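Engineer: The structure file coords06.tsv (TSV, C-alpha atoms) is provided below.
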```tsv
chain	number	residue	atom	x	y	z
A	180	MET	CA	114.20	95.20	39.38
A	181	LYS	CA	112.36	98.27	38.13
A	182	LYS	CA	108.58	98.00	38.12
A	183	ILE	CA	106.02	99.96	36.13
A	184	SER	CA	102.47	99.85	37.49
A	185	ILE	CA	99.48	100.61	35.33
A	186	ASP	CA	96.84	101.06	37.99
A	187	PRO	CA	94.00	101.16	37.34
A	188	ILE	CA	93.57	100.16	33.73
A	189	THR	CA	90.86	102.45	32.43
A	190	ARG	CA	88.05	102.77	29.90
A	191	LEU	CA	86.75	99.27	30.45
A	192	GLU	CA	84.28	97.63	32.80
A	193	GLY	CA	85.76	96.34	36.00
A	194	HIS	CA	89.01	96.63	37.83
A	195	GLY	CA	92.43	95.63	36.66
A	196	LYS	CA	96.07	96.50	37.01
A	197	ILE	CA	99.22	95.58	35.12
A	198	GLU	CA	102.64	95.22	36.71
A	199	ILE	CA	105.59	95.33	34.31
A	200	PHE	CA	109.05	94.31	35.53
A	201	LEU	CA	112.03	95.71	33.65
A	202	ASN	CA	115.49	94.10	33.54
A	203	ASP	CA	118.78	95.95	33.87
A	204	ALA	CA	118.88	96.64	30.15
A	205	GLY	CA	115.50	98.35	30.42
A	206	GLY	CA	113.66	95.61	28.55
A	207	VAL	CA	110.53	93.88	29.75
A	208	GLU	CA	111.47	90.89	31.91
A	209	ASN	CA	107.90	89.89	32.70
A	210	CYS	CA	104.47	91.40	33.15
A	211	TYR	CA	101.43	90.43	35.20
A	212	PHE	CA	97.78	91.25	34.71
A	213	GLN	CA	95.87	91.30	37.99
A	214	ILE	CA	92.19	91.61	38.79
A	215	PRO	CA	91.85	93.18	42.25
A	216	GLU	CA	88.12	92.57	42.57
A	217	LEU	CA	85.64	89.85	43.46
A	218	ARG	CA	82.04	90.28	44.49
A	219	GLY	CA	80.94	86.66	44.66
A	220	PHE	CA	77.79	86.48	42.53
A	221	GLU	CA	78.56	82.76	42.17
A	222	LYS	CA	77.79	82.35	45.85
A	223	PHE	CA	75.23	84.97	46.77
A	224	CYS	CA	72.84	84.04	43.94
A	225	GLU	CA	72.36	80.75	45.77
A	226	GLY	CA	69.07	80.81	47.67
A	227	ARG	CA	67.55	83.64	45.64
A	228	ALA	CA	64.28	83.14	43.75
A	229	ALA	CA	64.97	81.96	40.19
A	230	GLU	CA	62.79	84.71	38.70
A	231	ASP	CA	64.89	87.36	40.48
A	232	VAL	CA	68.24	86.07	39.23
A	233	PRO	CA	68.12	87.95	35.88
A	234	GLN	CA	67.66	91.20	37.83
A	235	ILE	CA	70.53	90.33	40.16
A	236	VAL	CA	73.08	89.14	37.60
A	237	SER	CA	72.39	92.12	35.37
A	238	ARG	CA	74.45	93.92	38.04
A	239	ILE	CA	77.54	91.85	37.26
A	240	CYS	CA	78.26	94.37	34.51
A	241	GLY	CA	76.19	97.46	33.79
A	242	VAL	CA	78.40	98.83	31.04
B	111	MET	CA	85.93	131.02	39.52
B	112	GLY	CA	87.66	128.34	37.44
B	113	LYS	CA	85.95	125.31	36.04
B	114	LEU	CA	84.63	122.77	38.51
B	115	LYS	CA	86.71	119.68	39.01
B	116	LEU	CA	84.66	116.49	38.90
B	117	ALA	CA	85.61	112.92	39.72
B	118	SER	CA	83.70	109.69	39.47
B	119	TYR	CA	84.81	106.32	40.81
B	120	TRP	CA	83.56	102.75	41.05
B	121	ALA	CA	84.42	100.52	43.98
B	122	ALA	CA	82.51	97.20	44.19
B	123	ALA	CA	80.12	98.15	41.41
B	124	CYS	CA	78.94	97.09	37.97
B	125	GLY	CA	79.55	100.32	36.08
B	126	GLY	CA	75.81	100.88	35.59
B	127	CYS	CA	76.03	104.16	37.50
B	128	ASP	CA	78.79	105.38	35.17
B	129	VAL	CA	76.69	104.44	32.16
B	130	ALA	CA	73.68	106.20	33.69
B	131	ILE	CA	75.82	109.37	33.81
B	132	LEU	CA	76.70	108.88	30.15
B	133	ASP	CA	73.00	108.34	29.43
B	134	ILE	CA	72.46	112.09	29.81
B	135	HIS	CA	73.68	111.86	26.17
B	136	GLU	CA	74.69	115.13	24.49
B	137	LYS	CA	74.27	117.03	27.76
B	138	ILE	CA	77.63	115.49	28.74
B	139	LEU	CA	79.05	118.26	26.51
B	140	ASP	CA	77.48	120.85	28.83
B	141	VAL	CA	79.11	119.04	31.76
B	142	ALA	CA	82.45	119.18	29.95
B	143	ALA	CA	81.93	122.93	29.35
B	144	ALA	CA	81.25	123.57	33.04
B	145	ALA	CA	83.67	121.12	34.59
B	146	ASP	CA	86.98	119.37	34.10
B	147	ILE	CA	86.91	115.66	34.75
B	148	VAL	CA	89.97	114.84	36.83
B	149	PHE	CA	89.34	111.14	37.53
B	150	TRP	CA	86.85	108.73	35.97
B	151	PRO	CA	88.22	105.27	35.22
B	152	ILE	CA	85.43	104.22	32.85
B	153	ALA	CA	85.88	107.23	30.61
B	154	VAL	CA	89.28	108.90	31.01
B	155	ASP	CA	92.79	107.69	31.70
B	156	PHE	CA	93.82	109.01	35.10
B	157	LYS	CA	95.68	106.72	37.49
B	158	TYR	CA	95.56	106.42	41.28
B	159	LYS	CA	98.99	108.11	41.29
B	160	ASP	CA	97.48	111.19	39.63
B	161	VAL	CA	94.83	111.42	42.36
B	162	GLU	CA	97.49	110.94	45.06
B	163	GLY	CA	99.32	113.93	43.55
B	164	TYR	CA	96.32	116.28	43.84
B	165	GLU	CA	96.20	118.70	46.77
B	166	ASP	CA	93.63	117.97	49.46
B	167	GLY	CA	90.25	119.35	48.39
B	168	TYR	CA	91.38	119.69	44.76
B	169	ILE	CA	88.31	117.81	43.48
B	170	ASP	CA	85.13	119.87	43.88
B	171	VAL	CA	82.68	116.97	43.62
B	172	CYS	CA	83.31	113.23	43.57
B	173	LEU	CA	80.52	110.83	42.62
B	174	PHE	CA	81.40	107.55	44.32
B	175	HIS	CA	79.68	104.36	43.14
B	176	GLY	CA	80.00	100.90	44.55
B	177	ALA	CA	80.21	99.20	47.88
B	178	ILE	CA	83.29	98.65	50.03
B	179	ARG	CA	84.16	95.01	49.41
B	180	ASN	CA	87.95	94.99	49.80
B	181	SER	CA	90.88	97.01	51.12
B	182	GLU	CA	91.44	98.78	47.80
B	183	ASN	CA	87.84	100.06	47.80
B	184	GLU	CA	88.35	101.46	51.30
B	185	HIS	CA	91.76	102.92	50.48
B	186	ILE	CA	90.46	104.75	47.39
B	187	ALA	CA	87.35	105.91	49.29
B	188	LYS	CA	89.64	107.50	51.90
B	189	LEU	CA	91.90	108.97	49.21
B	190	LEU	CA	88.96	110.51	47.34
B	191	ARG	CA	87.45	111.80	50.59
B	192	GLN	CA	90.72	113.59	51.33
B	193	LYS	CA	90.97	115.04	47.83
B	194	SER	CA	87.29	116.06	47.44
B	195	LYS	CA	85.35	119.01	48.84
B	196	VAL	CA	82.04	117.19	48.27
B	197	LEU	CA	81.71	113.42	48.28
B	198	VAL	CA	78.46	111.94	46.96
B	199	ALA	CA	77.49	108.33	47.69
B	200	PHE	CA	76.08	107.65	44.24
B	201	GLY	CA	73.76	104.68	43.73
B	202	SER	CA	72.46	101.85	45.89
B	203	CYS	CA	75.83	100.12	46.34
B	204	ALA	CA	77.63	103.14	47.79
B	205	ILE	CA	74.67	104.09	49.99
B	206	MET	CA	73.55	100.73	51.36
B	207	GLY	CA	75.70	98.00	49.82
B	208	GLY	CA	73.49	97.24	46.83
B	209	ILE	CA	73.47	93.90	45.06
B	210	PRO	CA	77.11	93.11	46.04
B	211	GLY	CA	75.86	93.47	49.63
B	212	LEU	CA	73.89	90.23	49.24
B	213	ALA	CA	77.26	88.59	49.91
B	214	ASN	CA	76.73	89.44	53.59
B	215	PHE	CA	74.31	86.50	53.69
B	216	LYS	CA	77.30	84.25	53.00
B	217	CYS	CA	80.64	83.54	54.66
B	218	ARG	CA	83.80	85.01	53.18
B	219	ASP	CA	85.47	81.60	52.88
B	220	ASP	CA	82.45	80.06	51.16
B	221	ILE	CA	82.44	82.88	48.61
B	222	LEU	CA	86.13	82.30	47.83
B	223	LYS	CA	85.64	78.54	47.68
B	224	ARG	CA	82.67	78.81	45.31
B	225	ALA	CA	84.37	81.33	43.01
B	226	TYR	CA	87.84	79.77	42.86
B	227	PHE	CA	87.32	76.03	43.42
B	228	GLU	CA	83.76	75.01	42.63
B	229	SER	CA	82.29	77.11	39.85
B	230	GLN	CA	81.72	75.08	36.71
B	231	SER	CA	83.89	77.35	34.57
B	232	THR	CA	86.89	77.30	36.92
B	233	GLN	CA	89.88	75.01	36.51
B	234	ASN	CA	92.10	75.39	39.55
B	235	PRO	CA	93.68	72.00	40.35
B	236	ASP	CA	96.31	73.59	42.63
B	237	ARG	CA	93.54	75.29	44.60
B	238	VAL	CA	95.18	78.70	44.37
B	239	LEU	CA	93.42	81.57	46.13
B	240	PRO	CA	94.23	85.27	45.66
B	241	GLN	CA	96.98	86.38	48.04
B	242	THR	CA	97.51	89.92	49.31
B	243	HIS	CA	101.25	89.45	48.75
B	244	TYR	CA	102.69	87.05	46.22
B	245	LYS	CA	106.36	86.55	45.40
B	246	VAL	CA	107.25	86.14	41.75
B	247	PRO	CA	110.81	85.69	40.38
B	248	GLU	CA	110.95	89.39	39.46
B	249	GLY	CA	109.65	90.76	42.75
B	250	GLU	CA	106.39	90.95	44.63
B	251	LEU	CA	102.77	91.40	43.54
B	252	GLU	CA	99.99	92.78	45.71
B	253	LEU	CA	96.25	92.34	45.69
B	254	PRO	CA	93.64	93.93	47.97
B	255	ALA	CA	92.39	92.03	51.01
B	256	PHE	CA	88.89	90.59	50.52
B	257	TYR	CA	86.91	91.71	53.56
B	258	LYS	CA	84.71	89.52	55.69
B	259	ASP	CA	81.71	91.78	55.05
B	260	VAL	CA	80.58	94.31	52.49
B	261	LYS	CA	80.41	97.85	53.90
B	262	THR	CA	78.74	101.05	52.76
B	263	LEU	CA	80.71	104.14	51.80
B	264	ALA	CA	79.53	105.94	54.94
B	265	ASP	CA	80.89	103.03	57.02
B	266	VAL	CA	84.43	104.06	56.04
B	267	VAL	CA	84.33	107.82	55.29
B	268	ASP	CA	82.27	110.94	55.91
B	269	VAL	CA	79.69	111.34	53.11
B	270	ASP	CA	78.15	114.67	52.08
B	271	TYR	CA	75.21	113.59	49.90
B	272	PHE	CA	73.34	110.43	49.04
B	273	MET	CA	71.95	109.82	45.55
B	274	PRO	CA	69.92	106.61	45.46
B	275	GLY	CA	69.01	104.28	42.63
B	276	CYS	CA	70.29	101.20	40.86
B	277	PRO	CA	71.21	103.15	38.90
B	278	PRO	CA	69.99	106.72	39.48
B	279	THR	CA	67.99	107.89	36.46
B	280	PRO	CA	69.75	110.10	33.88
B	281	ALA	CA	67.11	112.85	34.37
B	282	GLN	CA	67.80	112.93	38.11
B	283	ILE	CA	71.56	112.87	37.50
B	284	TRP	CA	71.25	115.83	35.17
B	285	ALA	CA	69.20	117.73	37.78
B	286	VAL	CA	71.81	117.04	40.46
B	287	ILE	CA	74.70	118.02	38.18
B	288	GLY	CA	72.81	121.27	37.52
B	289	ALA	CA	72.55	121.85	41.27
B	290	ILE	CA	76.26	121.14	41.67
B	291	VAL	CA	77.28	123.49	38.85
B	292	SER	CA	75.06	126.30	40.17
B	293	GLY	CA	76.28	125.71	43.72
B	294	ASN	CA	72.69	125.14	44.75
B	295	LEU	CA	73.20	122.09	46.97
B	296	PRO	CA	70.99	121.22	49.94
B	297	PRO	CA	72.31	120.79	53.52
B	298	LYS	CA	75.01	118.19	54.06
B	299	GLY	CA	73.65	114.70	54.62
B	300	SER	CA	70.66	115.20	52.29
B	301	VAL	CA	69.33	112.66	49.85
B	302	VAL	CA	69.49	114.21	46.37
B	303	GLY	CA	68.03	113.20	43.02
B	304	ALA	CA	65.04	111.34	44.42
B	305	SER	CA	61.64	111.91	45.95
B	306	HIS	CA	60.80	112.16	49.64
B	307	LYS	CA	57.67	110.06	49.10
B	308	THR	CA	57.31	106.31	48.71
B	309	LEU	CA	57.03	104.58	45.37
B	310	CYS	CA	53.39	103.74	46.28
B	311	ASP	CA	52.64	107.45	46.65
B	312	GLU	CA	53.62	107.99	43.00
B	313	CYS	CA	52.36	104.68	41.59
B	314	PRO	CA	49.42	105.08	39.15
B	315	ARG	CA	48.09	101.59	39.93
B	316	GLU	CA	44.73	101.52	41.67
B	317	ARG	CA	44.73	100.72	45.37
B	318	THR	CA	41.81	99.60	47.49
B	319	ASP	CA	42.07	97.62	50.70
B	320	LYS	CA	45.21	95.54	51.00
B	321	LYS	CA	43.97	92.13	52.16
B	322	ILE	CA	46.26	89.34	51.12
B	323	LYS	CA	45.25	85.67	51.39
B	324	LYS	CA	48.03	84.29	49.22
B	325	PHE	CA	51.40	85.45	47.91
B	326	TYR	CA	52.22	84.60	44.32
B	327	ARG	CA	55.45	84.35	42.39
B	328	PRO	CA	55.32	86.26	39.09
B	329	HIS	CA	54.89	83.12	36.98
B	330	GLU	CA	51.94	81.93	39.08
B	331	ILE	CA	49.60	84.80	38.27
B	332	ILE	CA	48.51	87.02	35.40
B	333	THR	CA	48.20	90.37	37.09
B	334	ASP	CA	45.72	93.12	36.38
B	335	SER	CA	47.83	95.92	34.89
B	336	SER	CA	45.75	98.63	36.52
B	337	ARG	CA	45.78	97.30	40.10
B	338	CYS	CA	48.32	97.47	42.91
B	339	LEU	CA	50.75	94.55	42.60
B	340	LEU	CA	50.97	93.98	46.36
B	341	GLU	CA	47.17	93.77	46.63
B	342	GLN	CA	47.29	91.08	43.95
B	343	GLY	CA	49.71	89.10	46.11
B	344	LEU	CA	53.07	89.97	44.57
B	345	VAL	CA	55.76	90.95	47.06
B	346	CYS	CA	56.29	94.60	46.07
B	347	MET	CA	58.57	96.82	48.14
B	348	GLY	CA	56.80	99.98	46.96
B	349	PRO	CA	55.27	100.87	50.36
B	350	VAL	CA	58.72	101.18	51.98
B	351	THR	CA	60.86	102.35	49.06
B	352	ARG	CA	61.78	105.89	48.14
B	353	ALA	CA	60.31	107.07	44.84
B	354	GLY	CA	62.46	108.56	42.12
B	355	CYS	CA	62.88	105.74	39.62
B	356	GLY	CA	59.65	106.55	37.81
B	357	GLY	CA	58.31	103.06	38.52
B	358	GLN	CA	60.48	101.34	35.95
B	359	CYS	CA	59.77	97.87	37.36
B	360	THR	CA	56.20	98.31	38.56
B	361	SER	CA	55.07	99.89	35.27
B	362	THR	CA	56.13	96.72	33.47
B	363	GLY	CA	54.35	94.46	35.96
B	364	PHE	CA	57.42	93.44	37.94
B	365	PRO	CA	57.23	94.25	41.65
B	366	CYS	CA	59.58	96.80	43.23
B	367	ARG	CA	62.73	95.34	44.77
B	368	GLY	CA	63.59	98.46	46.74
B	369	CYS	CA	66.70	99.80	44.99
B	370	TYR	CA	66.05	103.42	46.01
B	371	GLY	CA	66.23	102.43	49.66
B	372	PRO	CA	64.09	103.56	52.57
B	373	VAL	CA	62.35	106.93	52.81
B	374	ASP	CA	63.45	109.67	55.23
B	375	GLY	CA	63.32	108.64	58.86
B	376	VAL	CA	63.31	104.88	58.19
B	377	VAL	CA	66.45	103.14	59.42
B	378	ASP	CA	65.77	99.63	58.17
B	379	GLN	CA	63.86	99.12	54.92
B	380	GLY	CA	63.45	95.35	55.37
B	381	ALA	CA	62.09	95.67	58.90
B	382	LYS	CA	59.70	98.37	57.70
B	383	PHE	CA	58.45	96.00	55.01
B	384	ILE	CA	57.90	93.22	57.54
B	385	SER	CA	55.83	95.70	59.51
B	386	ALA	CA	53.87	96.60	56.34
B	387	LEU	CA	53.26	92.92	55.58
B	388	ALA	CA	51.91	92.34	59.07
B	389	SER	CA	49.12	94.80	58.38
B	390	VAL	CA	48.05	93.40	55.00
B	391	VAL	CA	47.86	89.65	55.62
B	392	ASP	CA	44.18	88.79	55.69
B	393	SER	CA	43.92	86.40	58.61
B	394	GLU	CA	43.56	86.35	62.37
B	395	ASN	CA	44.60	82.72	62.67
B	396	PRO	CA	48.31	82.28	63.57
B	397	GLU	CA	48.60	79.00	61.63
B	398	GLU	CA	47.04	80.50	58.53
B	399	ILE	CA	49.25	83.60	58.86
B	400	ASP	CA	52.30	81.33	59.01
B	401	LYS	CA	51.12	79.49	55.91
B	402	ILE	CA	50.54	82.73	53.96
B	403	ILE	CA	53.90	84.22	54.97
B	404	SER	CA	55.76	80.97	54.24
B	405	GLU	CA	54.78	81.32	50.58
B	406	ILE	CA	57.24	84.20	50.25
B	407	VAL	CA	60.40	82.79	48.67
B	408	ASP	CA	63.67	84.11	50.13
B	409	PRO	CA	62.16	86.81	52.36
B	410	ALA	CA	65.48	88.13	53.71
B	411	GLY	CA	67.07	88.27	50.26
B	412	THR	CA	63.99	90.05	48.92
B	413	PHE	CA	63.37	92.57	51.72
B	414	TYR	CA	67.11	93.34	51.91
B	415	ARG	CA	67.82	92.94	48.19
B	416	PHE	CA	69.76	96.21	47.91
B	417	GLY	CA	70.32	97.21	51.49
B	418	LEU	CA	71.74	94.43	53.62
B	419	PRO	CA	75.10	96.06	54.58
B	420	GLY	CA	73.38	99.34	55.49
B	421	SER	CA	70.63	97.61	57.49
B	422	LEU	CA	70.47	96.74	61.16
B	423	LEU	CA	71.06	93.05	60.44
B	424	ARG	CA	74.41	91.67	61.61
B	425	ARG	CA	75.32	95.03	63.14
B	426	ALA	CA	75.80	93.71	66.68
B	427	LYS	CA	79.49	92.98	66.70
```
Could I get this file's structure written as structure tokens?

Structural biologist:
Amino acid sequence: MKKISIDPITRLEGHGKIEIFLNDAGGVENCYFQIPELRGFEKFCEGRAAEDVPQIVSRICGV
Amino acid sequence: MGKLKLASYWAAACGGCDVAILDIHEKILDVAAAADIVFWPIAVDFKYKDVEGYEDGYIDVCLFHGAIRNSENEHIAKLLRQKSKVLVAFGSCAIMGGIPGLANFKCRDDILKRAYFESQSTQNPDRVLPQTHYKVPEGELELPAFYKDVKTLADVVDVDYFMPGCPPTPAQIWAVIGAIVSGNLPPKGSVVGASHKTLCDECPRERTDKKIKKFYRPHEIITDSSRCLLEQGLVCMGPVTRAGCGGQCTSTGFPCRGCYGPVDGVVDQGAKFISALASVVDSENPEEIDKIISEIVDPAGTFYRFGLPGSLLRRAK
């Protein structure tokens, strides 16, 4: 099955790609949106001083 | 000579460095007059395939933001290294791991578990984790491999220049772009767009003798706005941090967290700060010293806030 990859998707914050599968007639059979990134703020904020968390999580997205 | 070819990329980053570049405001038009942008995901629509199609060395200067967190980050770092004459590690994450580097205090599996199974906003009853290869009815999907540790850009490729800051300031960025356009770059390996002094050297706060009997958290003390924050008992990384930010945190009364990294000649910013602390604690009594030091909340996460992957910690492997 033919595949069209849009990688990376641009002009937004973060990382993403789209995979589009085409059937024999050339129509869209299915498409998948994927996020190829994880940094793990959920975990590494644990143990930090509460007053420092706003400074840390402001680096989730700087856009 | 034709127009310069510029690229900018984010690996494990927040996009704040990209926005800092855009914060040079209308001067971006001067950049556009002097250079063609040939890859910059936040701003223009080039794909990885386009970059793969460029000849080696096609890009004159690539500003690389973000840490190396997964196999895609490393792959694109190597691709951009191959395609770029000059590669700049731009911002704290690319240089020393930055905030994403705090993940090196945690285990890979615990990070995945927390993000995909336990976080309050996640519903994942089948306990699905991202797979590097995943078969779907139409074919196969691929995702990058999530590494055990966060790495710096220089851990995976040769880096020409280092521009610190979280993010670097627009004024410094503009100065560095000017140097790039005029071909007036310093020797390879130099730190650009920052001072060679410490933040303390440029801090207008008044310093006397640093003698600390007690460390305070910011909510426990109303500080004197004219006096050194460290002398007042706030853990401030100014003595061991490169200047260049203009004191954005310290001028508002919040202590420095070290985002510009160590000064020239210092390998490990956190260790240097421990050394600095040893000389300012006002006691000769080991028990009292222990008590004073134990008041510092999360010392490792504070002294290595931006620089854990680039530090000496966990390097013996």

Engineer: Please build the interface table for stretch 123-178 of chain B against stretch 184-202 of chain B with a cut-off of 10 Å, listing for each qualifying residue the nearest atom pair and the distance in Å to one decimal; count all atoms listed in the file, order rows by chain and increasing number, and write it as JSON lines.

Structural biologist:
```
{"residue": "B:Ala123", "atom": "CA", "partner": "B:Gly201", "partner_atom": "CA", "distance": 9.4}
{"residue": "B:Gly126", "atom": "CA", "partner": "B:Gly201", "partner_atom": "CA", "distance": 9.2}
{"residue": "B:Cys127", "atom": "CA", "partner": "B:Gly201", "partner_atom": "CA", "distance": 6.7}
{"residue": "B:Asp128", "atom": "CA", "partner": "B:Phe200", "partner_atom": "CA", "distance": 9.7}
{"residue": "B:Phe149", "atom": "CA", "partner": "B:Leu190", "partner_atom": "CA", "distance": 9.8}
{"residue": "B:Tyr158", "atom": "CA", "partner": "B:Ile186", "partner_atom": "CA", "distance": 8.1}
{"residue": "B:Val161", "atom": "CA", "partner": "B:Lys193", "partner_atom": "CA", "distance": 7.6}
{"residue": "B:Glu162", "atom": "CA", "partner": "B:Leu189", "partner_atom": "CA", "distance": 7.2}
{"residue": "B:Gly163", "atom": "CA", "partner": "B:Lys193", "partner_atom": "CA", "distance": 9.4}
{"residue": "B:Tyr164", "atom": "CA", "partner": "B:Lys193", "partner_atom": "CA", "distance": 6.8}
{"residue": "B:Glu165", "atom": "CA", "partner": "B:Lys193", "partner_atom": "CA", "distance": 6.5}
{"residue": "B:Asp166", "atom": "CA", "partner": "B:Lys193", "partner_atom": "CA", "distance": 4.3}
{"residue": "B:Gly167", "atom": "CA", "partner": "B:Lys193", "partner_atom": "CA", "distance": 4.4}
{"residue": "B:Tyr168", "atom": "CA", "partner": "B:Lys193", "partner_atom": "CA", "distance": 5.6}
{"residue": "B:Ile169", "atom": "CA", "partner": "B:Ser194", "partner_atom": "CA", "distance": 4.4}
{"residue": "B:Asp170", "atom": "CA", "partner": "B:Lys195", "partner_atom": "CA", "distance": 5.0}
{"residue": "B:Val171", "atom": "CA", "partner": "B:Val196", "partner_atom": "CA", "distance": 4.7}
{"residue": "B:Cys172", "atom": "CA", "partner": "B:Leu197", "partner_atom": "CA", "distance": 5.0}
{"residue": "B:Leu173", "atom": "CA", "partner": "B:Val198", "partner_atom": "CA", "distance": 4.9}
{"residue": "B:Phe174", "atom": "CA", "partner": "B:Ala199", "partner_atom": "CA", "distance": 5.2}
{"residue": "B:His175", "atom": "CA", "partner": "B:Phe200", "partner_atom": "CA", "distance": 5.0}
{"residue": "B:Gly176", "atom": "CA", "partner": "B:Gly201", "partner_atom": "CA", "distance": 7.3}
{"residue": "B:Ala177", "atom": "CA", "partner": "B:Ser202", "partner_atom": "CA", "distance": 8.4}
{"residue": "B:Ile178", "atom": "CA", "partner": "B:Glu184", "partner_atom": "CA", "distance": 5.9}
```

Engineer: What's around B:Arg337 at 12 Å? Count all atoms listed in the file, leave out sequence neighbours fewer than 5 positions away in its own chain, and write the answer as number ranges by chain.

Structural biologist: B: 310, 313-320, 332, 342-344, 360-361, 363, 365

Engineer: Kindly extract all protein, DNA and RNA residues lying within 10 Å of the coordinates (106.4, 102.8, 37.6) given in the file, considering all atoms listed in the file, and supply them as a PyMOL selection string.

Structural biologist: (chain A and resi 181-186+198-201) or (chain B and resi 159)

Engineer: Pull out every residue of chain A that has at least one atom within 8 Å of chain B, counting only C-alpha atoms, and report them as a VMD selection string.

Structural biologist: chain A and resid 180 185 to 193 198 200 208 to 209 213 215 to 223 226 to 228 230 235 238 to 242

Engineer: For atom CA of B:Phe325 and atom CA of B:Glu405, quote the distance in Å rounded to one decimal.

Structural biologist: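 It comes out at 6.0 Å.
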
Engineer: Give the answer as one residue: which of B:Gly417, B:Ile399, B:His306, B:Val238 has the shortest atom-to-atom distance to B:Val377, using all atoms listed in the file?

Structural biologist: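 Among B:Gly417, B:Ile399, B:His306, B:Val238, it is B:Gly417 that comes nearest to B:Val377.
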
Engineer: May I ask for the distance between atom CA of B:Lys323 and atom CA of B:Glu398, given in Å to one decimal place?

Structural biologist: 9.0 Å

Engineer: One number please: atom CA of B:Ala281 to atom CA of B:Tyr119, in Å, one decimal.

Structural biologist: 19.9 Å

Engineer: Calculated over only C-alpha atoms, which of the candidates B:Gly288, B:Gly348, B:Gly299, B:Gly357 has the smallest distance to B:Val269?

Structural biologist: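 Among the listed residues, the smallest separation from B:Val269 belongs to B:Gly299.
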